[in-house]
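As structure tokens, the structure follows; a few thoughts come after it.
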Amino acid sequence: MSDRGNKGPCGPQKHVNRRGFLTTISTSAAAAVVVGAATPVAAEAAPRDATEPTPIVLYVNGRKYRLAVEPRETLISVLRERLGLTGSKPGCERGECGACTVLLDGSTRYSCMTLAVEAQDHIITTIEGLANGEELSDVQQAFIHEDGYQCGFCTPGQVMAAEGLLRKNPKPSIDEVRLGMSGNLCRCGAYGHIFKAVQQAASTRQSGGAK
Amino acid sequence: MLPTFTYVKPTTLEHAVRELATPGARACSGGTDLLGCLRDRVLKADKLVSLNGLAELRGISELPNGGLRIGALSTLSEIASHTLITTRYHALSAAAGAAASPQLRNQGTIGGNLCQRPRCWYYRGDFPCARKGGDTCFAKEGENQLHAIFGGDVCVMVHPSDTAPALTALDASVRLVGPRGSRTVALDAFFVLPSKDYTRETVVEPDELVADIVLPPPPAAALSTYRKLRSRGAWDFALTGAAVALGMHGKKVERARIVLSGVAPVPWRVELAERELVGHELSEALIERVAQRASEHASPLSANAYKVALVRGAVAEALSELRAKG
Amino acid sequence: MREPNIYGSDTLDAELAPQFAPATSDLPPWGKTTVVGAAVPRIDGHDRVGGTAIYTRDIALPGMLHCAIVHSPHAHAMVKRIDTTAAKAMPGVHAIITCDSPEAKIPWILTNQGAFSQLLDPHCRYEGEEVAAIAAETPLQAADAARMIVVEYDVLPMVVNYEVATKPDAPKLHAVGNQPSPARTSQRGDVEAAFAKADAVVERTFHTSCEMHVPLEVHGSVAQWDSGKLEVWDSTQGVYAVRDSLALALKLPLSSVRVSSHFMGGGFGGKLELGKYTVFAAVLARMTGRAVKCVLTREDTLRSVGNRPANTISIKAAARKDGTLLALDATLLGASGAYPTGATSSYMLLDLYTCANVRAVESSVLINAGQARAFRAPGYPQAAWALEQVMDELAGKLGMDPVEFRLKNIPVVSQLRSGQPYTSTGLADCLRDGAEKFGWAAARKRPANKGHVKRGIGIAAGMWGSPGGPTATVILKLYADGSANVNSGAADIGTGTKTIFAQVVAEELGVPVERVSVENADTGTTQYAPSSGGSQTVLVTTPAVRSAAADVKTPLLALAAEELKIDVDKLTIRDGNIEIAGDTKKVPFSALRSLAQRQQLVGVGRRAPHPVGKVGLPFAAHFAEVEVNTRTGEVRVVRYVAAQDSGRVMNALTFENQVLGGVTMGIGFGLTEQRVLDRQTGKLASGSWHDYKIPTAMDFPVDFQCVPIDLQDKECNSVGAKGLGEPATIPAAAAIANAVCNAIGARIYDAPITPASIVNALASKGGK
């Protein structure tokens with residue numbers, strides 16, 4: 001738990017995002033079809049031809065999606081524009097900020113520098129996949145408790161980086177936290193609080209807390 | 001936004017080589033460098049040949065002679081934390097761990113790291129520079145604070161890799177596979193100076209790919225490290241770096257390699273400084289002398305003379321670290 | 001000429017403009033608070049960490065088209081011809097506007113000398129200036145088609161060095177020349193006479209580099225038309241400011257334009273204005289009858305949406321032996337970019353310390369680069385960089401401790417505001433408390449370490465010269481179940497505004513924070529508030545929230561008195577209950593039948609005007625410890641104490657967060673950030689986050705302490721809070737510079753301090 005004293009009268013709140021209607025996926029792009037829970041199968045070796053959309057299968061947050069993408073489409077754009085998963089944020093689209101961080105087979109990865117065709121056959125976890133319904137993960141709760149954000153735009157990436165770090169190193173020292181979080185820029189400069197959030201999540205997890 | 005290209009993911013080396021031989025094809029493994037170059041229209045690709053289906057390019061394993069084979073698809077994260085590397089080839093794990101960011105290290109491969117393109121802002125930016133087929137090197141008369149103090153010619157870019165100087169210092173070689181079979185090239189001969197050919201950075205032909213990297217068995221009482229200097233605390237290319245590998249006999253240096261990053265278009269080996277070390281004990285005075293020697297014969301541009309001091313600093317820091325260890 | 005940017009040199013004039021007075025008089029100050037000031041986690045935290053917060057970038061409307069922009073690749077050029085034939089034939093393309101389109105003529109950069117440009121200007125004055133915009137079905141199609149637009153240019157001579165741009169033979173950006181405004185002089189006393197009496201004089205010239213805002217969310221908008229009305233989602237700090245400019249640009253009544261920005265991913269001053277991208281989205285949406293999204297690329301944001309302008313500041317300063325600051329004589333030159341804007345601020349030079357004789361001459365000059373914009377305390381970090389280093393040098397010459405020297409010169413009145421007293425001034429407290437927490441005195445006595453890694457300590461102070469304004473209106477609804485809703489047009493740009501609003505309601509009405517909802521930043525549904533910039537949101541809008549709560553209390557007590565048949569004077573409101581004097585019985589709001597019958601009570605709050613004849617401004621003193629590796633030029637900030645007088649701490653969590661964020665930004669300004677323009681072409685060299693280096697997690701010191709002074713300011717406004725966002729960043733870079741000087745014994749006058757500047761400074765020191 002936090003070493004901070006008074007957290008005030010309010011804990012993390014749960015509520016359904018009230019502006020969800022703004023992220024309607026346009027009909028032309030709604031090519032994604034969910035076909036159930038998923039385990040990856042071995043890759044096909046057949047050469048993929050052309051600028052024509054290529055059929056692919058993505059395993060995201062425990063669901064399997066079949067869709068057709070151009071080879072040049074990045075994972076971030078497919079997650080956001082095809083699957084409506086706008087939690088991962090494009091901050092630079094050139095692998096220089098970390099806001100788009102997702103887990104690929106449990107390892108942190110920039111989804112803006114990953115082609116969707118290359119993300120096949122991997123288990124993808126996005127920020128939307130961390131919470132259990134409305135129940136936030138330990139890392140997410142720690143970010144709220146320690147105020148590990150300001151504007152919040154880099155936050156999904158920070159949370160995923162923290163999750164990836166704790167999976168590799170459940171008991172990071174403060175220097176390991178800093179290094180582990182060094183691939184995620186925060187222009188608001190909330191690093192000091194982000195470190196506390198990661199440390200708090202680590203201790204929650206150590207003590208057998210949530211997830 | 002990326003330009004259009006086709007995509008193929010072969011599962012055999014033979015197939016991959018065949019695909020690479022088609023016009024406009026480029027090999028792609030981690031993609032962290034290539035996709036940026038495509039986005040910025042620095043490079044063109046009609047077809048991306050993904051190497052990620054090639055199981056034979058993976059893995060890190062000890063060789064019968066006590067050396068090490070590192071598959072080209074090994075990620076920088078794997079290399080930074082692999083026990084055989086952290087214990088025997090510390091310079092390499094230190095260099096891999098100092099590169100880029102945690103995410104990029106999870107994604108970027110050692111093969112790609114060696115073959116990455118220059119990070120010069122004129123090369124990456126919208127400037128028709130010599131290396132991109134233009135007729136001038138903008139850095140010479142322009143903003144050259146990050147550029148070369150050694151080995152510049154038509155182009156004064158610096159080689160951006162951290163692992164390359166470490167591998168060079170460790171006497172590594174690279175196995176290339178192409179339609180004409182495979183060949184092994186010492187790291188020392190892998191990179192190409194602009195005076196020889198300013199349109200390429202390595203000897204890798206367009207239809208070849210890096211299959212693996214071979215490290216010789218470390219000399220007895222080996223010590224090595226990589227010291228990187230940069231503008232911010234992480235996620236930054238080297239302003240200057242020094243990879244140092246020593247073989248010790250008692251207190252004396254028996255074998256020495258010093259290879260610099262961030263100061264030349266190729267990993268820059270400073271043999272004069274190496275020679276200064278051999279046969280002597282690592283004393284503070286010797287370290288100062290070697291650091292000084294490493295920085296000699298530099299040809300700074302208008303805004304990068306400070307790198308001469310940084311070379312001295314990086315070499316001295318690296319040697320001091322090894323002295324403390326040894 | 002009056003320059004259009006109110007945050008530059010004109011800050012004082014802008015806020016001294018008459019403000020309309022609200023009807024209500026102000027509330028008495030709070031005593032001890034329970035919810036306000038506590039470490040309350042944000043009320044929208046779930047959305048922020050869950051990925052469910054919808055930013056402008058995330059909006060997708062049915063049938064929405066995507067916009068791509070074509071930019072000038074030249075720093076200075078005239079468009080000769082644009083050919084859109086090939087682009088029009090590309091798949092998915094719906095509409096294109098270019099410099100030749102009628103829409104291109106919308107006036108841009110409005111000043112009292114007229115418009116300096118237009119929406120799509122064939123005369124391109126910097127690399128990245130927009131020449132065409134295109135709407136297509138998908139982002140990829142729009143980008144592909146934009147690349148097919150062929151533009152021919154006449155390339156013109158350019159100038160990007162701002163000191164060169166002042167020369168008579170420099171290439172001209174506008175017919176009026178590169179300095180459309182005359183130099184501006186502020187002075188008091190007799191500077192020359194004071195120098196003649198001085199015991200110590202220091203004269204130095206400083207340079208600061210151009211710094212980019214680069215918030216994580218790039219600038220962008222979504223626009224759609226509905227029955228002649230325009231609806232816009234914009235990543236902005238000020239929905240009302242954007243609405244006003246957009247209505248003016250499109251010649252629409254204010255009532256026909258709705259702008260909202262519920263979650264926005266950072267601004268730092270770079271999102272206070274209407275962007276061209278917003279107008280492109282609106283115009284293309286009108287042409288196509290579809291919603292249109294226009295978001296910039298990261299590369300665009302490094303060129304075209306503002307920056308903290310580079311400054312050259314020369315200061316000559318004098319003091320007496322006893323530590324009295326006698327005179328400050330400064331000249332400031334700032335680079336406006338391609339269009340006029342105030343690019344310097346002398347405010348802090350003239351008012352941070354008591355000094356009878358001052359003079360500041362300020363000028364700005366145009367160069368072929370993106371226009372400067374307000375950036376977190378515009379002009380102040382640059383001024384602090386110069387002033388606070390000169391103060392250190394003066395202290396050194398006098399043989400005084402730099403903290404003591406500053407304490408000798410603490411003002412109790414604002415000299416710039418005709419001697420108006422401050423409602424509170426915590427500058428001395430910041431210096432004393434900060435020094436104590438830092439262990440300043442002990443650290444000063446520490447012997448210099450022997451090795452090549454040198455430690456040094458430094459201090460710098462700062463202030464922010466704007467008390468904010470004008471006023472704001474807030475509506476508060478108390479519902480039958482005792483929960484409440486706050487309605488304000490203020491944007492929460494990451495500072496925690498919404499949460500602080502909820503805390504104020506909780507404090508006043510005793511409604512728990514989690515029972516308060518906040519609607520904000522929507523000109524269609526929320527009440528006017530000034531833009532969230534200039535550290536003014538808390539001090540301008542929360543008093544209005546408090547006033548709205550008070551406005552609910554009166555009718556609520558009247559209802560209760562009638563229903564309970566008790567004299568209203570015997571009733572008080574506490575913790576969501578009506579309490580009766582001399583009775584232990586408590587009646588929850590939700591138990592009031594009369595409230596249930598009405599469903600809600602509505603309170604309207606306005607902020608009272610600033611106190612007459614007094615001014616409330618925030619102060620800060622920062623203490624830094626650095627390690628400098630003299631072999632390698634590496635500088636690490638290893639320890640930091642930031643003491644802030646911002647009046648009342650509204651939320652302990654978000655307060656500390658603002659401060660460490662401000663310091664992080666100062667670390668960037670002082671050590672890593674530098675826009676680099678190629679001198680040969682005027683094009684941006686540092687065009688990505690690899691080459692424009694903002695601080696990473698590794699650059700922030702773990703050993704960080706925020707010291708809130710938490711003064712009781714009973715006069716500045718009804719909540720007692722002063723601004724925080726700007727003063728948290730103002731002194732940071734200067735404190736680091738002083739620490740570096742302390743470490744290596746050589747002073748570095750140019751920001752940022754890089755390994756290059758360290759080794760160069762050591763070399764010239766050694767050479768002396």
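Letters for chains follow the order of the structure tokens (A, B, ...), residue numbers begin at 1 for each chain, and ligand numbers begin at 1 in the order shown.
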
* Test item: chain B residues at most 9 Å from chain A, counting only C-alpha atoms, as a PyMOL selection string -> chain B and resi 1-12+30-33+35-36+39+47-48+50+52-53+100-107+233-235

Any chance you could export the current selection's C-alpha atoms as a short mmCIF file (atom, residue, chain, number, x, y, z; two decimals), in the first residue's frame?
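In the end it all went to again.cif:
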```
data_model
loop_
_atom_site.label_atom_id
_atom_site.label_comp_id
_atom_site.auth_asym_id
_atom_site.auth_seq_id
_atom_site.Cartn_x
_atom_site.Cartn_y
_atom_site.Cartn_z
CA MET B 1 2.14 7.26 -42.82
CA LEU B 2 3.99 4.42 -44.40
CA PRO B 3 4.14 4.01 -48.15
CA THR B 4 2.70 0.88 -49.72
CA PHE B 5 4.68 -2.33 -50.02
CA THR B 6 4.01 -6.02 -50.26
CA TYR B 7 4.88 -8.39 -47.51
CA VAL B 8 6.22 -11.88 -47.38
CA LYS B 9 7.27 -13.97 -44.43
CA PRO B 10 9.39 -16.93 -45.53
CA THR B 11 10.04 -19.82 -43.17
CA THR B 12 13.26 -21.01 -44.80
CA GLY B 30 12.41 -5.88 -35.66
CA GLY B 31 11.58 -3.08 -38.07
CA THR B 32 12.38 -0.37 -35.55
CA ASP B 33 14.80 1.31 -37.90
CA LEU B 35 9.82 1.46 -40.64
CA GLY B 36 11.10 4.88 -39.58
CA ARG B 39 7.88 6.62 -43.04
CA LYS B 47 8.48 -5.60 -50.73
CA LEU B 48 9.27 -6.32 -47.11
CA SER B 50 10.05 -10.54 -42.91
CA ASN B 52 10.71 -13.35 -38.30
CA GLY B 53 9.63 -16.75 -39.61
CA ALA B 100 17.37 2.77 -27.40
CA SER B 101 14.55 2.07 -24.92
CA PRO B 102 13.23 -1.06 -23.18
CA GLN B 103 10.50 -1.53 -25.80
CA LEU B 104 12.88 -1.03 -28.70
CA ARG B 105 15.31 -3.46 -27.11
CA ASN B 106 12.49 -6.02 -26.89
CA GLN B 107 11.84 -5.55 -30.58
CA GLY B 233 19.65 9.87 -19.33
CA ALA B 234 18.16 7.25 -21.62
CA TRP B 235 16.83 6.58 -25.09
#
```

* Name the residues in contact with Arg18 (chain B) at a cut-off of 10 Å, using only C-alpha atoms, excluding same-chain residues fewer than 6 positions from it; report them as JSON, numbers by chain. => {"B": [10, 12, 49, 178, 179, 207, 208]}

* Interface, chain C side, toward chain B (7 Å; only C-alpha atoms) as number ranges by chain -> C: 140, 143, 631-632, 672, 678-680, 685-686, 690, 695-696, 698-699, 754-756, 759-760

How would the residues just picked look written out with N, CA and C atoms as a tab-separated table (two decimals), in the first residue's frame?
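This went into part.tsv:
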```tsv
chain	number	residue	atom	x	y	z
C	140	LEU	N	-4.95	6.81	-44.34
C	140	LEU	CA	-3.95	6.41	-45.34
C	140	LEU	C	-4.27	7.00	-46.70
C	143	ALA	N	-3.40	10.69	-46.69
C	143	ALA	CA	-1.95	10.92	-46.74
C	143	ALA	C	-1.40	10.60	-48.12
C	631	ARG	N	35.05	14.62	-16.87
C	631	ARG	CA	35.68	13.93	-18.00
C	631	ARG	C	34.74	13.89	-19.20
C	632	THR	N	33.48	13.68	-18.91
C	632	THR	CA	32.55	13.36	-20.00
C	632	THR	C	31.53	14.45	-20.27
C	672	THR	N	18.56	19.61	-21.88
C	672	THR	CA	18.47	18.73	-23.05
C	672	THR	C	17.76	19.31	-24.28
C	678	ASP	N	18.47	24.29	-39.57
C	678	ASP	CA	19.65	24.27	-40.43
C	678	ASP	C	19.92	25.67	-40.98
C	679	ARG	N	21.11	26.16	-40.75
C	679	ARG	CA	21.43	27.53	-41.14
C	679	ARG	C	21.46	27.71	-42.65
C	680	GLN	N	21.63	26.63	-43.39
C	680	GLN	CA	21.75	26.75	-44.85
C	680	GLN	C	20.39	26.83	-45.53
C	685	ALA	N	16.21	20.76	-38.33
C	685	ALA	CA	17.05	19.57	-38.23
C	685	ALA	C	16.53	18.65	-37.12
C	686	SER	N	16.12	19.26	-36.00
C	686	SER	CA	15.66	18.46	-34.86
C	686	SER	C	14.17	18.16	-35.03
C	690	HIS	N	13.76	12.03	-31.39
C	690	HIS	CA	15.14	11.58	-31.19
C	690	HIS	C	16.08	12.77	-31.18
C	695	PRO	N	13.00	15.35	-21.46
C	695	PRO	CA	13.51	14.47	-20.41
C	695	PRO	C	12.77	13.12	-20.36
C	696	THR	N	13.53	12.08	-20.03
C	696	THR	CA	12.97	10.75	-19.82
C	696	THR	C	12.91	10.47	-18.32
C	698	MET	N	14.77	8.68	-16.74
C	698	MET	CA	16.12	8.62	-16.19
C	698	MET	C	16.68	10.02	-15.88
C	699	ASP	N	16.00	11.05	-16.36
C	699	ASP	CA	16.51	12.40	-16.15
C	699	ASP	C	15.90	13.07	-14.92
C	754	THR	N	24.89	21.36	-22.17
C	754	THR	CA	25.08	20.02	-22.74
C	754	THR	C	26.48	19.53	-22.37
C	755	PRO	N	26.77	18.26	-22.63
C	755	PRO	CA	28.16	17.82	-22.45
C	755	PRO	C	29.13	18.71	-23.22
C	756	ALA	N	28.71	19.19	-24.39
C	756	ALA	CA	29.58	20.08	-25.17
C	756	ALA	C	29.86	21.36	-24.39
C	759	VAL	N	32.33	20.66	-21.43
C	759	VAL	CA	33.76	20.50	-21.76
C	759	VAL	C	34.33	21.80	-22.32
C	760	ASN	N	33.51	22.55	-23.03
C	760	ASN	CA	34.02	23.83	-23.54
C	760	ASN	C	34.28	24.81	-22.38
```

As a PDB file with N, CA and C atoms, in the first residue's frame, please: the residues near Ala119 (chain A) (cut-off 10 Å, only C-alpha atoms, same-chain neighbours under 6 positions excluded).
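Listed below is the output, around33.pdb:
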```pdb
ATOM      1  N   ILE A  56      -5.656 -11.333 -42.117  1.00  0.00           N
ATOM      2  CA  ILE A  56      -4.832 -11.692 -40.955  1.00  0.00           C
ATOM      3  C   ILE A  56      -5.735 -12.065 -39.779  1.00  0.00           C
ATOM      4  N   VAL A  57      -5.105 -12.679 -38.808  1.00  0.00           N
ATOM      5  CA  VAL A  57      -5.795 -13.035 -37.567  1.00  0.00           C
ATOM      6  C   VAL A  57      -5.009 -12.399 -36.431  1.00  0.00           C
ATOM      7  N   LEU A  58      -5.685 -11.654 -35.592  1.00  0.00           N
ATOM      8  CA  LEU A  58      -5.023 -11.058 -34.426  1.00  0.00           C
ATOM      9  C   LEU A  58      -5.672 -11.573 -33.148  1.00  0.00           C
ATOM     10  N   TYR A  59      -4.842 -11.841 -32.172  1.00  0.00           N
ATOM     11  CA  TYR A  59      -5.328 -12.275 -30.863  1.00  0.00           C
ATOM     12  C   TYR A  59      -5.139 -11.114 -29.893  1.00  0.00           C
ATOM     13  N   VAL A  60      -6.219 -10.455 -29.570  1.00  0.00           N
ATOM     14  CA  VAL A  60      -6.123  -9.249 -28.748  1.00  0.00           C
ATOM     15  C   VAL A  60      -6.990  -9.407 -27.506  1.00  0.00           C
ATOM     16  N   THR A  74      -0.053  -0.254 -39.441  1.00  0.00           N
ATOM     17  CA  THR A  74       0.612  -0.556 -38.175  1.00  0.00           C
ATOM     18  C   THR A  74      -0.394  -1.144 -37.185  1.00  0.00           C
ATOM     19  N   LEU A  75       0.149  -1.810 -36.192  1.00  0.00           N
ATOM     20  CA  LEU A  75      -0.717  -2.404 -35.183  1.00  0.00           C
ATOM     21  C   LEU A  75      -1.535  -1.331 -34.474  1.00  0.00           C
ATOM     22  N   LEU A 104       3.275  -7.781 -26.266  1.00  0.00           N
ATOM     23  CA  LEU A 104       3.268  -8.802 -27.296  1.00  0.00           C
ATOM     24  C   LEU A 104       3.888 -10.031 -26.645  1.00  0.00           C
ATOM     25  N   ASP A 105       3.105 -11.044 -26.452  1.00  0.00           N
ATOM     26  CA  ASP A 105       3.563 -12.213 -25.695  1.00  0.00           C
ATOM     27  C   ASP A 105       4.162 -11.794 -24.350  1.00  0.00           C
ATOM     28  N   SER A 111       3.387  -0.335 -30.485  1.00  0.00           N
ATOM     29  CA  SER A 111       2.484  -0.822 -31.536  1.00  0.00           C
ATOM     30  C   SER A 111       2.548   0.048 -32.787  1.00  0.00           C
TER      31      SER A 111
END
```

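Computed from the coordinates, the CA of Ile736 (chain C) to CA of Asn161 (chain C) distance equals 26.6 Å.
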
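Take CA of Arg308 (chain C) and CA of His207 (chain C): the distance between them is 12.7 Å.
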
Distance query region 636-640 of chain C at most 6 Å, only C-alpha atoms, self and fewer than 6 positions along chain excluded, as a PDB file with N, CA and C atoms, in the first residue's frame:
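Final file, selection_13.pdb:
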```pdb
ATOM      1  N   PHE C 623      15.917  24.506  -5.267  1.00  0.00           N
ATOM      2  CA  PHE C 623      17.271  24.132  -4.833  1.00  0.00           C
ATOM      3  C   PHE C 623      17.659  22.854  -5.548  1.00  0.00           C
ATOM      4  N   ALA C 624      18.777  22.886  -6.237  1.00  0.00           N
ATOM      5  CA  ALA C 624      19.186  21.722  -7.020  1.00  0.00           C
ATOM      6  C   ALA C 624      20.573  21.272  -6.609  1.00  0.00           C
ATOM      7  N   GLU C 625      20.766  19.971  -6.625  1.00  0.00           N
ATOM      8  CA  GLU C 625      22.115  19.435  -6.487  1.00  0.00           C
ATOM      9  C   GLU C 625      22.411  18.635  -7.743  1.00  0.00           C
ATOM     10  N   VAL C 626      23.575  18.888  -8.317  1.00  0.00           N
ATOM     11  CA  VAL C 626      23.936  18.187  -9.546  1.00  0.00           C
ATOM     12  C   VAL C 626      25.269  17.470  -9.366  1.00  0.00           C
ATOM     13  N   GLU C 627      25.455  16.482 -10.215  1.00  0.00           N
ATOM     14  CA  GLU C 627      26.751  15.816 -10.344  1.00  0.00           C
ATOM     15  C   GLU C 627      27.236  16.084 -11.755  1.00  0.00           C
ATOM     16  N   PRO C 701      15.161  13.387 -10.981  1.00  0.00           N
ATOM     17  CA  PRO C 701      15.814  12.927  -9.750  1.00  0.00           C
ATOM     18  C   PRO C 701      14.831  12.218  -8.830  1.00  0.00           C
ATOM     19  N   ASP C 703      15.394  11.714  -5.717  1.00  0.00           N
ATOM     20  CA  ASP C 703      15.431  12.452  -4.459  1.00  0.00           C
ATOM     21  C   ASP C 703      14.829  13.836  -4.690  1.00  0.00           C
ATOM     22  N   PHE C 704      13.528  13.885  -4.653  1.00  0.00           N
ATOM     23  CA  PHE C 704      12.798  15.112  -4.981  1.00  0.00           C
ATOM     24  C   PHE C 704      11.848  15.446  -3.852  1.00  0.00           C
TER      25      PHE C 704
END
```

* Check the smallest atom-to-atom distance from each of A:Gly106, A:Gly91, A:Pro55, A:Gly192 to Glu146 (chain A) using only C-alpha atoms, then report the winner. =>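 The answer is A:Gly192, which sits nearest to Glu146 (chain A).
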
* Just give me the gap between CA of Pro156 (chain A) and CA of Arg48 (chain C) in Å, one decimal is fine. =>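 A separation of 7.6 Å between them.
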
* Excluding same-chain residues fewer than 5 positions from Glu404 (chain C), what lies within 10 Å of it counting only C-alpha atoms, as a list in words? -> Gly323, Ala395, Asn409, Ala428, Leu431 and Arg432 of chain C

Include C-alpha atoms and write out the residues we just selected as a PDB file, in the first residue's frame.
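For reference, result_0.pdb as written:
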```pdb
ATOM      1  CA  GLY C 323      23.544  43.149  -0.190  1.00  0.00           C
ATOM      2  CA  ALA C 395      26.330  37.308  -4.367  1.00  0.00           C
ATOM      3  CA  ASN C 409      15.884  42.056  -1.389  1.00  0.00           C
ATOM      4  CA  ALA C 428      11.082  34.681   1.828  1.00  0.00           C
ATOM      5  CA  LEU C 431      13.866  30.655   0.353  1.00  0.00           C
ATOM      6  CA  ARG C 432      14.072  29.875   4.078  1.00  0.00           C
TER       7      ARG C 432
END
```

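With only C-alpha atoms as the atoms that count, the minimum distance from chain A to the choices C:Phe438, C:Trp385, C:Phe589, C:Trp233 is reached by C:Trp233.
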